[in-house]
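Chemist: Handing you this structure, nothing more for now.
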Amino acid sequence: MADYRPPLRDIRFVLDHLVDLDELCQFDTFSHTDPDTIEGVLEEYSRFVADVVAPLNWPGDVEGSVHDPSDNTVRTPEGFPEAYQRYVDAGWGAVPFPADHGGGGFPWLMGTAMQEVITSANMAFSMAPLLTQGAIDMLLAHGSEEQKELYVRKMVTGEWSGTMNLTEPQAGSDVGALRTKAVAQDDGTYLITGTKIYITFGEHDMADNIIHLVLARTPDAPPGTKGISCFIVPKFLLGDDGEPATRNDAHCVSIEHKMGIKASPTCVMSYGENGGAVGYLIGEENRGMRYMFTMMNNARLSVGLEGLAIAERAYQDAHAYALERQQGRAPGAAAGEQSLIVEHPDVRRMLLTMKSLVEAMRAIVYVTAEGIDVATEHPDGAIRDARQEFVDLMIPVAKAWCTDMGVEVTSLAVQVLGGMGYIEESGVPQHFRDARITPIYEGTNGIQAMDLVGRKLPLRGGKAVEEFLSMIAMLDPALAKAGDDLATIREHMSEALTTLAETTAWVMRQGMADPRNALAGATPYLRMFSLVVAGWLMSKQALAAHRLLEGDPADTDAKAKLVTAQFFATQILPQVHGLRSPVVAGFEPLFELTAEQLGSA
């Protein structure tokens, strides 16, 4: 297997040409930094990750995390605790968080780039800081000042990790069906009892304390999601000095035996087996789901980034193998000689598909992260609101399309390696196994599709998506000005945008008449919408590359960016037109068979 090489050249291209890093650095919150500093920090961070974290990826998958039922502890793979301590000591986890709470105060866009690198290097390891990030976001938005002071600073440094406890055995994605109870005590605390499943890093040996954020119901709470509250339930209750002291009644009773990310312990957590776990209410009772949604965009973007990151790692392995493996004779090769498989047209097709998809995913994720920064920090309220609307439309794309493509790219990597791709020692099967959870995480991709057609398209009576599509159309004059060099890209973009606009009108019209029509076509519609968004950003990539080549025709990096954008436009973007039929088919074909007739026996 190839060593991981952080794709700094590709990351810089996005930062320099597809987002406005200069603008972000002019906001008051980020005025202490500049693009050169950001790129310098990314270089140093990438060296750390490549040297310390990446080498643990393969052995961590082989060893996995282990649960000890005698004391309900979890041991992570060899080297993980030491690497995590070095990560904490270096202060890397704090970089994108507010300076007021011990962070570096850098843009979230920078944090996203850092997250890509560590996730590509070792997705299982990256899950610990990722879950902590979500818990920090929740507490910063809704925790009391005392709670922030007690917990957030140590979580920002990474000394303490965090979790999000939503799912229960009977509930799954239907969070409103949860049964975990929280009973108020005279001292203002709550006693928590219940079971949570799929809790990433719910127990481990890498941090001094684990701060669980737990959704639960108080006794008089209304049913459904309206009756959910959120509580801080530390693994160790704090002493008067603010340090971990007494063990709380919160324990990992088992970990799941998973398809992938085996080094990341996915825990079954039991609260209150010995009288009740002490919890502290965040905000007000019955507002837990509303609070949870405030960090949902960041969380879903981070999962979409996992699709990008694993795809990048798989592509690197496939490309390295194609440059070494000799098999068959490529067209034009001398008789009697074996060719490198990179010279075979079908292998080239697979590699270009992978490369263009990775570049499109990176553009989507980074542009969305930039949108979050602008929506949070821009001094003009109208611009903040407009960019938030943009982010709201982009999140289903970033989460669902990028994770779907992550699975597709990792599968193609297996195919490029051929028989070796099916052998675990090659390392490539791990990428495919690790990637497969991402379309399920943080709301399945079907839920993302329902969110797009059910909540996002109707924003402002449909005006939001109308303006979004108009924004994409505004790129056409620039493509036209580039002349013949980008004429093919322009043609395919125009046709794809027309198909999407017509299909969007059908979804909104028929969805209002009968929601079942919109829901039945939601998933292919999300794929169509995402392809056009990806095509738009790849067209912007082509324009940037074209400008660079006008200044320096020998710029090989710019030439490569132009070629992958052209490949995307001609061989991937046209899938948009084939998706129209399943979107507009309506719900009736899905229900022509009874539930029993769907069976095969």
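Letters for chains follow the order of the structure tokens (A, B, ...), residue numbers begin at 1 for each chain, and ligand numbers begin at 1 in the order shown.
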Skipping near chain neighbours, those fewer than 3 positions away, what residues fall within 8 Å of Asp208 of chain A using only C-alpha atoms, listed as a PyMOL selection string?
Modeler: chain A and resi 159-160+205+244
Chemist: Which segment 491-528 of chain A residues have any atom within 8 Å of an atom of segment 433-450 of chain A, and for each, what is the nearest pair of atoms with distance in Å to one decimal, counting only C-alpha atoms, rows sorted by chain and number, as CSV?
Modeler:
```
residue,atom,partner,partner_atom,distance
A:Leu519,CA,A:Met450,CA,6.1
A:Ala522,CA,A:Ala449,CA,5.1
A:Thr523,CA,A:Ala449,CA,5.2
A:Tyr525,CA,A:Ala449,CA,7.6
A:Leu526,CA,A:Ala449,CA,5.5
```
Chemist: Run DSSP on the backbone and grab whatever in segment 106-327 of chain A lands in strand (DSSP E or B); send it over as an MDAnalysis selection string.
Modeler: chainID A and resid 160:165 181:184 190:200 209:217 229:234 236:238 244:247 250:255 266:271 277:281 326
Chemist: Calculated over only C-alpha atoms, which of the candidates A:Glu145, A:Glu592, A:Asp20, A:Glu168 has the smallest distance to Thr195 of chain A?
Modeler: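 Smallest distance to Thr195 of chain A is found for A:Glu168.
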Chemist: Which one is closest to Phe30 of chain A: A:Ser600, A:Ile210, A:Trp108, A:Gly158? Count only C-alpha atoms.
Modeler: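 Checking each candidate against Phe30 of chain A, we get A:Trp108 as the closest.
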Chemist: I'd like the interatomic distance between atom CA of His251 of chain A and atom CA of Gly93 of chain A, to a tenth of an Å.
Modeler: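 One can read the atom CA of His251 of chain A to atom CA of Gly93 of chain A distance as 25.7 Å.
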Chemist: Find the spatial neighbours of Pro169 of chain A, counting only C-alpha atoms, within a cut-off of 9 Å - ignore same-chain residues fewer than 5 positions away - and output them as a PyMOL selection string.
Modeler: chain A and resi 178+195-197
Chemist: Generate a file of the selected residues that holds C-alpha atoms, formatted as a short mmCIF file (atom, residue, chain, number, x, y, z; two decimals), in the first residue's frame.
Modeler:
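Final output, saved to result.cif:
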```cif
data_model
loop_
_atom_site.label_atom_id
_atom_site.label_comp_id
_atom_site.auth_asym_id
_atom_site.auth_seq_id
_atom_site.Cartn_x
_atom_site.Cartn_y
_atom_site.Cartn_z
CA LEU A 178 -36.30 7.73 22.37
CA THR A 195 -29.44 2.92 26.80
CA LYS A 196 -27.82 4.56 23.78
CA ILE A 197 -26.30 2.77 20.81
#
```
Chemist: Counting only C-alpha atoms, what is within 10 Å of segment 49-66 of chain A, bar same-chain residues fewer than 5 positions away, as an NGL selection string?
Modeler: :A and (1 or 3-6 or 44 or 73-80 or 82-84 or 86-87 or 114 or 117-126 or 201 or 204 or 254-258 or 260-266 or 424-428 or 430-431 or 434)
Chemist: Write out as a PyMOL selection string the set of residues from segment 302-542 of chain A that DSSP, computed on the backbone, places in helix (DSSP H, G or I).
Modeler: chain A and resi 302-322+341-343+345-377+381-422+424-426+428-435+445-456+459-473+476-481+483-513+515-520+522-542
